[in-house]
Amino acid sequence: MERDCEVKSSKFKRICVFCGSSQGKKTSYQEAATELGKVLVSRKIDLVYGGGSIGLMGLVSQAVHDGGRHVMGVIPKTLMPQELTGVTVGEVKAVSGMHQRKAEMARHSDAFIALPGGYGTLEELLEVITWAQLGIHDKPVGLLNVDGYYNSLLSFIDKAVEEGFISPNARYIIVSAPTAKELVKKLEEYEARHERVASKLSWEMEQLGYSHNYDISR
């Protein structure tokens with residue numbers, strides 16, 4: 001029993017998941033989203049995501065909700081109509097826009113995982129990577145590289161390192177694995193190796209309407 005508890009517990013209370021509002025053409029993407037939700041449940045980790053019930057977002061959130069863990073969907077008010085995003089399970093946190101959405105998701109999370117997705121997923125993923133590089137947070141960032149979906153992105157990043165646009169140590173901000181179980185384990189073992197541009201910064205984005213002390217860092 002003690003060993004079982006050790007396997008299931010995690011140092012993360014909540015993980016933010018970025019993923020597509022489409023399900024993708026391969027059933028492996030859909031299966032990976034559901035499996036990630038089950039892994040979070042087994043490790044007693046709650047979910048923060050972009051809200052709604054469509055695509056991979058709906059699959060991972062439903063799996064976590066069905067497993068009895070807390071689900072927080074952060075969604076801009078303009079996307080709340082059901083015909084756009086479906087019905088969000090769990091807690092719904094309405095925000096004014098996309099920038100505030102990302103800040104709220106980050107503030108409530110201990111780590112980030114990107115499932116396969118499109119432009120929106122990439123934009124969210126790259127922003128939290130950039131925040132880590134700048135020192136705004138020190139939370140681990142993971143790619144669930146289902147069937148090599150992110151191989152081209154990882155190759156691009158390696159090319160940027162080779163050409164001197166990303167430092168070798170900053171390359172290690174991104175953790176990747178082909179399965180949810182392996183990825184969560186790697187995220188728990190993550191230690192920052194890059195030199196931050198500045199010391200850990202407070203999140204002081206006046207354009208988001210937050211107070212001076214708004215903070216997404218640990």
# chains A, B, ... in the order shown; residues from 1 in each chain; ligands from 1
call {"tool": "select_by_dssp", "arguments": {"residues": "range 1-204 of chain A", "states": "alpha helix (DSSP H)", "output": "number ranges by chain"}}
result
A: 2-8, 27-42, 55-66, 82-85, 98-107, 119-134, 151-162, 180-189
call {"tool": "write_last_selection", "arguments": {"atoms": "C-alpha atoms", "output": "tab-separated table (two decimals), in the first residue's frame"}}
result
chain	number	residue	atom	x	y	z
A	2	GLU	CA	2.83	2.38	0.85
A	3	ARG	CA	4.48	1.73	-2.52
A	4	ASP	CA	1.17	2.32	-4.30
A	5	CYS	CA	0.75	5.71	-2.61
A	6	GLU	CA	4.31	6.61	-3.56
A	7	VAL	CA	3.60	5.87	-7.22
A	8	LYS	CA	0.37	7.86	-7.27
A	27	THR	CA	-7.05	8.13	-33.06
A	28	SER	CA	-3.69	8.05	-31.25
A	29	TYR	CA	-4.06	11.78	-30.51
A	30	GLN	CA	-7.46	11.23	-28.97
A	31	GLU	CA	-6.24	8.23	-27.00
A	32	ALA	CA	-3.26	10.23	-25.73
A	33	ALA	CA	-5.54	13.02	-24.48
A	34	THR	CA	-7.70	10.58	-22.57
A	35	GLU	CA	-4.66	8.74	-21.23
A	36	LEU	CA	-3.11	12.00	-20.03
A	37	GLY	CA	-6.30	12.74	-18.12
A	38	LYS	CA	-6.17	9.31	-16.50
A	39	VAL	CA	-2.51	9.74	-15.57
A	40	LEU	CA	-3.29	13.08	-13.91
A	41	VAL	CA	-6.07	11.42	-11.94
A	42	SER	CA	-3.81	8.53	-10.89
A	55	GLY	CA	-11.49	18.45	-29.54
A	56	LEU	CA	-8.65	17.14	-27.43
A	57	MET	CA	-9.51	19.79	-24.83
A	58	GLY	CA	-12.83	18.08	-24.22
A	59	LEU	CA	-11.30	14.61	-24.01
A	60	VAL	CA	-8.62	15.43	-21.45
A	61	SER	CA	-10.96	17.52	-19.30
A	62	GLN	CA	-13.67	14.86	-19.31
A	63	ALA	CA	-11.19	12.17	-18.31
A	64	VAL	CA	-9.94	14.23	-15.36
A	65	HIS	CA	-13.47	15.19	-14.33
A	66	ASP	CA	-14.71	11.58	-14.59
A	82	GLN	CA	-21.82	26.77	-26.32
A	83	GLU	CA	-21.92	26.72	-30.10
A	84	LEU	CA	-18.26	27.86	-30.09
A	85	THR	CA	-16.67	25.74	-27.39
A	98	MET	CA	-6.75	35.74	-24.62
A	99	HIS	CA	-3.84	37.45	-22.80
A	100	GLN	CA	-5.59	37.26	-19.46
A	101	ARG	CA	-6.52	33.65	-20.19
A	102	LYS	CA	-2.86	32.61	-20.53
A	103	ALA	CA	-1.84	34.53	-17.42
A	104	GLU	CA	-4.63	32.95	-15.36
A	105	MET	CA	-3.84	29.45	-16.59
A	106	ALA	CA	-0.19	29.96	-15.71
A	107	ARG	CA	-0.93	31.45	-12.29
A	119	TYR	CA	-1.63	27.66	-33.89
A	120	GLY	CA	-3.22	28.34	-30.52
A	121	THR	CA	-1.44	25.47	-28.81
A	122	LEU	CA	1.90	26.53	-30.26
A	123	GLU	CA	1.37	30.14	-29.24
A	124	GLU	CA	0.55	29.16	-25.66
A	125	LEU	CA	3.44	26.71	-25.50
A	126	LEU	CA	6.06	29.11	-26.85
A	127	GLU	CA	4.91	31.90	-24.56
A	128	VAL	CA	5.35	29.87	-21.37
A	129	ILE	CA	8.75	28.70	-22.67
A	130	THR	CA	9.72	32.33	-23.21
A	131	TRP	CA	8.46	33.26	-19.73
A	132	ALA	CA	10.71	30.53	-18.30
A	133	GLN	CA	13.69	31.83	-20.23
A	134	LEU	CA	13.05	35.37	-18.99
A	151	ASN	CA	9.54	16.12	-34.00
A	152	SER	CA	9.67	18.95	-36.54
A	153	LEU	CA	9.30	21.57	-33.81
A	154	LEU	CA	12.08	19.99	-31.77
A	155	SER	CA	14.27	19.88	-34.88
A	156	PHE	CA	13.59	23.57	-35.47
A	157	ILE	CA	14.59	24.39	-31.89
A	158	ASP	CA	17.77	22.33	-32.26
A	159	LYS	CA	18.51	24.28	-35.45
A	160	ALA	CA	18.00	27.56	-33.57
A	161	VAL	CA	20.51	26.36	-30.97
A	162	GLU	CA	22.95	25.39	-33.71
A	180	ALA	CA	1.85	10.76	-20.54
A	181	LYS	CA	3.26	8.61	-17.74
A	182	GLU	CA	6.84	9.15	-18.88
A	183	LEU	CA	6.32	12.87	-19.43
A	184	VAL	CA	4.88	13.55	-15.97
A	185	LYS	CA	7.81	11.66	-14.45
A	186	LYS	CA	10.29	13.78	-16.43
A	187	LEU	CA	8.52	16.98	-15.43
A	188	GLU	CA	8.76	16.01	-11.76
A	189	GLU	CA	12.51	15.45	-12.17
call {"tool": "closest_residue", "arguments": {"among": "A:Gly97, A:Val89, A:Arg43, A:Val141", "to": "Ala111 in chain A", "atoms": "only C-alpha atoms"}}
result
A:Val141
call {"tool": "residues_around", "arguments": {"residues": "Gly142 in chain A", "least_positions_apart": "6", "cutoff": "7 Å", "atoms": "only C-alpha atoms", "output": "list in words"}}
result
Phe112, Ile113, Ala114, Ile174, Val175, Ser176, Leu183 and Leu187 of chain A
call {"tool": "atom_distance", "arguments": {"atom1": "CA of Gly90 in chain A", "atom2": "CA of Leu115 in chain A"}}
result
20.2 Å
call {"tool": "select_by_dssp", "arguments": {"residues": "chain A", "states": "strand (DSSP E or B)", "output": "NGL selection string"}}
result
:A and (14-18 or 46-49 or 71-76 or 91-95 or 111-114 or 141-144 or 174-177)
call {"tool": "atom_distance", "arguments": {"atom1": "CA of Glu191 in chain A", "atom2": "CA of Leu144 in chain A"}}
result
18.4 Å
call {"tool": "residues_around", "arguments": {"residues": "Met72 in chain A", "least_positions_apart": "5", "cutoff": "10 Å", "atoms": "only C-alpha atoms", "output": "list of chain:residue names"}}
result
A:Arg14, A:Cys16, A:Asp46, A:Leu47, A:Val48, A:Tyr49, A:Gly50, A:Gly51, A:Ser61, A:His65, A:Thr88, A:Val89, A:Gly90, A:Glu91, A:Val92, A:Lys93, A:Met105, A:His108
call {"tool": "closest_residue", "arguments": {"among": "A:Val87, A:Val146, A:Ile136, A:Ile75", "to": "Pro178 in chain A", "atoms": "only C-alpha atoms"}}
result
A:Val146
call {"tool": "closest_residue", "arguments": {"among": "A:Val74, A:Ala94, A:Leu143, A:Cys19", "to": "Gly118 in chain A", "atoms": "only C-alpha atoms"}}
result
A:Cys19
call {"tool": "closest_residue", "arguments": {"among": "A:Gly117, A:Gly135, A:Pro76, A:Gly68", "to": "Ser22 in chain A", "atoms": "only C-alpha atoms"}}
result
A:Gly117
call {"tool": "atom_distance", "arguments": {"atom1": "CA of Tyr149 in chain A", "atom2": "CA of Arg171 in chain A"}}
result
18.2 Å
call {"tool": "closest_residue", "arguments": {"among": "A:Asp110, A:Glu163, A:Ile54, A:Thr78", "to": "Val17 in chain A", "atoms": "only C-alpha atoms"}}
result
A:Asp110
